[in-house]
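S.K.: What follows is input.csv, made up of CSV, C-alpha atoms:
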```csv
chain,number,residue,atom,x,y,z
A,260,MET,CA,-12.6,-4.6,-14.9
A,261,ARG,CA,-14.9,-4.2,-11.9
A,262,LEU,CA,-18.0,-2.1,-11.2
A,263,LEU,CA,-18.2,0.1,-8.1
A,264,ASN,CA,-22.0,0.3,-8.2
A,265,PRO,CA,-23.3,-2.8,-10.1
A,266,GLN,CA,-26.8,-2.3,-8.7
A,267,TRP,CA,-27.4,0.2,-11.5
A,268,LEU,CA,-27.4,-2.8,-14.0
A,269,LEU,CA,-30.8,-3.8,-12.6
A,270,LEU,CA,-32.2,-0.9,-14.5
A,271,LEU,CA,-31.5,-2.7,-17.9
A,272,PRO,CA,-34.3,-5.3,-17.5
A,273,LEU,CA,-36.6,-2.6,-16.2
A,274,LEU,CA,-36.0,-0.4,-19.2
A,275,LEU,CA,-36.6,-3.3,-21.6
A,276,ALA,CA,-39.9,-4.1,-19.8
A,277,ALA,CA,-40.9,-0.4,-20.0
A,278,GLY,CA,-40.1,-0.3,-23.7
A,279,TRP,CA,-42.2,-3.4,-24.3
A,280,PHE,CA,-45.2,-2.2,-22.2
A,281,TRP,CA,-45.1,1.4,-23.5
A,282,PRO,CA,-43.9,1.4,-27.1
A,283,ARG,CA,-44.6,5.1,-27.5
A,284,LEU,CA,-41.5,5.8,-25.4
A,285,GLY,CA,-39.4,4.5,-28.3
A,286,LEU,CA,-36.8,2.8,-26.1
A,287,PHE,CA,-36.0,0.3,-28.8
A,288,ARG,CA,-34.8,2.9,-31.2
A,289,PRO,CA,-31.0,2.2,-31.7
A,290,LEU,CA,-29.7,5.6,-30.6
A,291,ARG,CA,-31.9,5.7,-27.5
A,292,LEU,CA,-31.1,2.2,-26.5
A,293,VAL,CA,-27.3,2.8,-26.9
A,294,CYS,CA,-27.6,6.1,-24.9
A,295,LEU,CA,-29.5,4.5,-22.1
A,296,ALA,CA,-27.2,1.5,-21.9
A,297,PHE,CA,-24.2,3.9,-21.8
A,298,ALA,CA,-25.7,6.0,-19.1
A,299,ILE,CA,-26.4,3.0,-17.0
A,300,LEU,CA,-22.9,1.7,-17.5
A,301,LEU,CA,-21.5,5.1,-16.4
A,302,LEU,CA,-23.7,5.0,-13.3
A,303,ALA,CA,-22.3,1.6,-12.5
A,304,GLN,CA,-18.8,3.2,-12.5
A,305,PRO,CA,-16.5,0.6,-14.2
A,306,GLN,CA,-12.9,0.6,-13.1
A,307,MET,CA,-9.9,-1.0,-14.8
A,308,ARG,CA,-7.2,-2.6,-12.7
A,309,PHE,CA,-3.7,-2.0,-13.9
A,310,ARG,CA,-1.9,-3.8,-11.1
A,311,SER,CA,-1.8,-7.5,-10.3
A,312,ASP,CA,-3.5,-9.0,-7.3
A,313,GLY,CA,-1.8,-8.9,-3.9
A,314,LEU,CA,0.2,-6.3,-2.0
A,315,ASP,CA,4.0,-6.1,-1.5
A,316,LEU,CA,4.7,-4.9,2.1
A,317,TRP,CA,8.2,-3.6,2.5
A,318,VAL,CA,9.2,-3.6,6.2
A,319,LEU,CA,12.2,-1.4,6.9
A,320,VAL,CA,13.8,-2.4,10.2
A,321,ASP,CA,16.1,0.1,12.0
A,322,ARG,CA,19.2,-1.8,13.1
A,323,SER,CA,21.2,1.3,14.3
A,324,ASP,CA,22.9,1.5,17.7
A,325,SER,CA,20.1,3.6,19.2
A,326,ALA,CA,17.4,1.1,18.2
A,327,LYS,CA,19.3,-2.0,19.3
A,328,GLY,CA,18.2,-1.9,22.9
A,329,LEU,CA,14.6,-0.8,22.5
A,330,MET,CA,13.5,-2.8,19.5
A,331,GLY,CA,15.7,-5.9,19.6
A,332,THR,CA,13.1,-8.2,21.2
A,333,LYS,CA,10.0,-6.7,19.6
A,334,VAL,CA,11.0,-6.9,15.9
A,335,ALA,CA,10.8,-10.7,15.7
A,336,GLU,CA,7.2,-10.6,17.1
A,337,TRP,CA,6.1,-7.8,14.7
A,338,GLU,CA,7.5,-9.7,11.7
A,339,GLN,CA,5.7,-12.9,12.8
A,340,ILE,CA,2.4,-11.0,13.1
A,341,LEU,CA,2.9,-9.4,9.7
A,342,ASP,CA,3.8,-12.8,8.1
A,343,LYS,CA,0.7,-14.4,9.6
A,344,SER,CA,-1.7,-11.6,8.6
A,345,LYS,CA,-0.7,-11.5,4.9
A,346,GLY,CA,-3.0,-12.8,2.2
A,347,ALA,CA,-2.3,-15.6,-0.3
A,348,LYS,CA,-1.1,-13.2,-3.0
A,349,ASP,CA,0.6,-10.8,-0.7
A,350,ARG,CA,4.4,-10.7,-0.2
A,351,LEU,CA,6.5,-9.5,2.7
A,352,HIS,CA,9.9,-8.0,2.0
A,353,LEU,CA,12.2,-7.3,5.0
A,354,VAL,CA,14.9,-4.6,4.6
A,355,ASP,CA,17.4,-4.0,7.4
A,356,TYR,CA,19.0,-0.6,7.6
A,357,ALA,CA,21.2,1.6,9.6
A,358,ALA,CA,24.0,3.4,7.7
A,359,GLU,CA,23.3,1.0,4.8
A,360,ALA,CA,20.2,-0.7,3.6
A,361,GLY,CA,19.8,-4.2,2.3
A,362,THR,CA,17.3,-7.0,1.9
A,363,ARG,CA,17.2,-9.4,4.8
A,364,GLY,CA,20.0,-11.8,4.4
A,365,ALA,CA,22.4,-9.5,2.5
A,366,LEU,CA,23.6,-7.7,5.6
A,367,ILE,CA,22.7,-10.3,8.2
A,368,THR,CA,24.8,-13.2,9.4
A,369,ALA,CA,23.6,-16.7,8.6
A,370,GLY,CA,24.4,-18.1,12.0
A,371,PRO,CA,22.0,-19.4,14.7
A,372,ASN,CA,20.9,-15.9,15.5
A,373,ALA,CA,19.8,-14.7,12.0
A,374,THR,CA,19.0,-11.2,13.0
A,375,ASP,CA,22.6,-10.0,13.7
A,376,TYR,CA,23.0,-7.0,11.4
A,377,GLU,CA,26.6,-6.8,10.2
A,378,GLY,CA,26.5,-3.4,8.4
A,379,PRO,CA,27.6,-0.1,10.0
A,380,THR,CA,25.3,0.9,12.8
A,381,THR,CA,26.4,4.4,13.6
A,382,ALA,CA,23.6,6.2,11.7
A,383,THR,CA,19.9,5.9,11.0
A,384,ARG,CA,19.6,6.6,7.3
A,385,SER,CA,15.8,6.2,6.8
A,386,ALA,CA,15.8,8.1,3.4
A,387,THR,CA,18.4,5.7,2.0
A,388,ALA,CA,16.3,2.7,3.2
A,389,VAL,CA,13.1,4.1,1.6
A,390,SER,CA,14.9,4.9,-1.6
A,391,TYR,CA,16.3,1.4,-1.7
A,392,ALA,CA,12.9,-0.2,-1.2
A,393,LEU,CA,11.3,2.1,-3.8
A,394,SER,CA,13.9,1.1,-6.3
A,395,GLN,CA,13.3,-2.6,-5.7
A,396,MET,CA,9.5,-2.4,-6.1
A,397,GLU,CA,7.8,-3.9,-9.1
A,398,ALA,CA,5.8,-1.4,-11.1
A,399,ASP,CA,2.8,-3.7,-11.7
A,400,ARG,CA,2.2,-4.6,-8.1
A,401,ALA,CA,0.8,-2.4,-5.3
A,402,GLY,CA,3.3,-1.7,-2.6
A,403,ARG,CA,3.4,-0.1,0.9
A,404,LEU,CA,6.3,0.8,3.2
A,405,LEU,CA,6.4,0.2,7.0
A,406,ILE,CA,9.3,1.6,8.9
A,407,LEU,CA,10.0,0.1,12.3
A,408,THR,CA,12.3,2.6,14.1
A,409,ASP,CA,13.0,4.2,17.4
A,410,GLY,CA,13.3,7.8,16.2
A,411,TYR,CA,14.3,10.2,13.6
A,412,SER,CA,16.5,9.8,10.5
A,413,THR,CA,20.1,11.1,10.7
A,414,GLU,CA,19.9,12.2,7.1
A,415,PRO,CA,17.4,14.7,5.4
A,416,LEU,CA,14.3,13.3,3.9
A,417,ASP,CA,14.2,15.9,1.1
A,418,GLY,CA,12.4,14.9,-2.1
A,419,LEU,CA,11.1,11.6,-0.6
A,420,ALA,CA,7.5,12.7,-0.4
A,421,GLU,CA,7.4,13.5,-4.1
A,422,ARG,CA,8.9,10.1,-5.0
A,423,LEU,CA,6.4,8.3,-2.9
A,424,ILE,CA,3.5,10.2,-4.5
A,425,LYS,CA,4.9,9.5,-8.0
A,426,GLN,CA,5.2,5.8,-7.3
A,427,GLU,CA,1.8,5.7,-5.5
A,428,VAL,CA,3.3,4.1,-2.4
A,429,SER,CA,2.1,4.9,1.1
A,430,LEU,CA,4.6,5.1,3.9
A,431,GLU,CA,3.7,4.2,7.5
A,432,PHE,CA,6.0,4.1,10.5
A,433,ARG,CA,6.0,2.6,13.9
A,434,LEU,CA,8.0,4.6,16.4
A,435,ASP,CA,9.1,2.6,19.4
A,436,GLY,CA,11.0,4.9,21.7
A,437,ALA,CA,11.6,4.7,25.4
A,438,THR,CA,9.2,6.4,27.7
A,439,VAL,CA,10.6,9.6,28.9
A,440,ALA,CA,9.7,10.8,32.4
A,441,GLY,CA,9.8,14.4,33.2
A,442,ASP,CA,10.3,15.6,29.7
A,443,GLU,CA,10.3,19.4,29.2
A,444,ARG,CA,9.2,21.3,26.2
A,445,LEU,CA,9.9,24.8,25.1
A,446,ALA,CA,6.7,26.5,23.9
A,447,ALA,CA,8.1,29.9,22.8
```
Turn this file's structure into structure tokens for me.
M.R.:
Amino acid sequence: MRLLNPQWLLLLPLLLAAGWFWPRLGLFRPLRLVCLAFAILLLAQPQMRFRSDGLDLWVLVDRSDSAKGLMGTKVAEWEQILDKSKGAKDRLHLVDYAAEAGTRGALITAGPNATDYEGPTTATRSATAVSYALSQMEADRAGRLLILTDGYSTEPLDGLAERLIKQEVSLEFRLDGATVAGDERLAA
């Protein structure tokens, strides 16, 4: 349990001193004492923690054909930055996906270049990857999702927002697309 505003607890000794100096207030009557202590405790805003310390960050890395050229060299640097910035109780989970999603190592060769994705790369199924990561998360730990991709999913994302809200998981993404020169947009 933790208190959001512990400064309100400083009123307890002040109330005891006021009750001693001014006995006519009747602050030492049991019901008044309990009510004042309860009111001060409510002002301190106690909060219970139902999750363990630390954060699980699930990094979903797009390994599709469209992302191969744009993100190939940057992903290793991003993963290194994330690994260095995590806390002592934080955990980093890497999930590679394209047409299939799997934890790092399951769909990756174990050769000298350990980032060669061996699954099918013809599609970008972000909803499948998010669903996979959500199913792997532990209920007693806080979790977040970070998607590293070059664009849009090739499958619908229907129902994904409700599941994220239900599991209390935030989803962030990093789009890394090529710069487009002379792009046109249809306004009406």
S.K.: Pick out the residues sitting within 9 Å of A:Arg433, and hand them over as a VMD selection string; count all atoms listed in the file, and ignore anything fewer than 4 positions along from it in its own chain.
M.R.: chain A and resid 405 to 409
S.K.: Which polymer residues, protein or nucleic acid, are no farther than 12 Å from (19.8, 15.2, 4.5), counting all atoms listed in the file, as number ranges by chain?
M.R.: A: 383-387, 411-419
S.K.: Give me the residues near A:Ala360 as a list in words, where near means some atom within 7 Å (using only C-alpha atoms) and where sequence neighbours in that chain fewer than 3 positions away do not count.
M.R.: Val354, Asp355, Tyr356, Ala357, Thr387, Ala388 and Tyr391 of chain A
S.K.: Given the choices A:Lys425, A:Leu351, A:Arg288, A:Thr380, which gets closest to A:Leu275 if the distance is worked out from only C-alpha atoms?
M.R.: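 Smallest distance to A:Leu275 is found for A:Arg288.
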S.K.: Could you list, as a VMD selection string, every residue within 6 Å of stretch 298-304 of chain A, counting only C-alpha atoms and ignoring same-chain residues fewer than 3 positions away?
M.R.: chain A and resid 262 to 265 267 295
S.K.: For A:Gln395, which residue among A:Ile424, A:Ala335, A:Ala277, A:Leu353 is the nearest when counting all atoms listed in the file?
M.R.: A:Leu353
S.K.: May I ask for the distance between atom CA of A:Gln339 and atom CA of A:Ser390, given in Å to one decimal place?
M.R.: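 For atom CA of A:Gln339 relative to atom CA of A:Ser390, the distance reads 24.7 Å.
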S.K.: Please, what distance in Å, to one decimal, runs between atom CA of A:Glu431 and atom CA of A:Glu377?
M.R.: 25.5 Å
S.K.: If I take atom CA of A:Leu319 and atom CA of A:Leu393, how far is one from the other in Å, to one decimal?
M.R.: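 Distance reported for this atom pair: 11.3 Å.
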S.K.: With all atoms listed in the file as the basis for distance, which of A:Leu341, A:Met260, A:Leu274, A:Met307 is at the shortest distance from A:Phe287?
M.R.: A:Leu274
S.K.: Between A:Leu270, A:Leu316, A:Leu290, A:Val334, single out the one closest to A:Val428, counting only C-alpha atoms.
M.R.: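 Smallest distance to A:Val428 is found for A:Leu316.
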S.K.: My list of candidates is A:Ala392, A:Trp281, A:Ala296, A:Asp324. Which is closest to A:Gly378 when distances are computed with only C-alpha atoms?
M.R.: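 Looking at the shortest contact to A:Gly378, the residue is A:Asp324.
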S.K.: When distances are computed from all atoms listed in the file, which of A:Ala358, A:Val320, A:Leu273, A:Leu423 shows the smallest separation from A:Arg403?
M.R.: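 Closest to A:Arg403, using all atoms listed in the file: A:Leu423.
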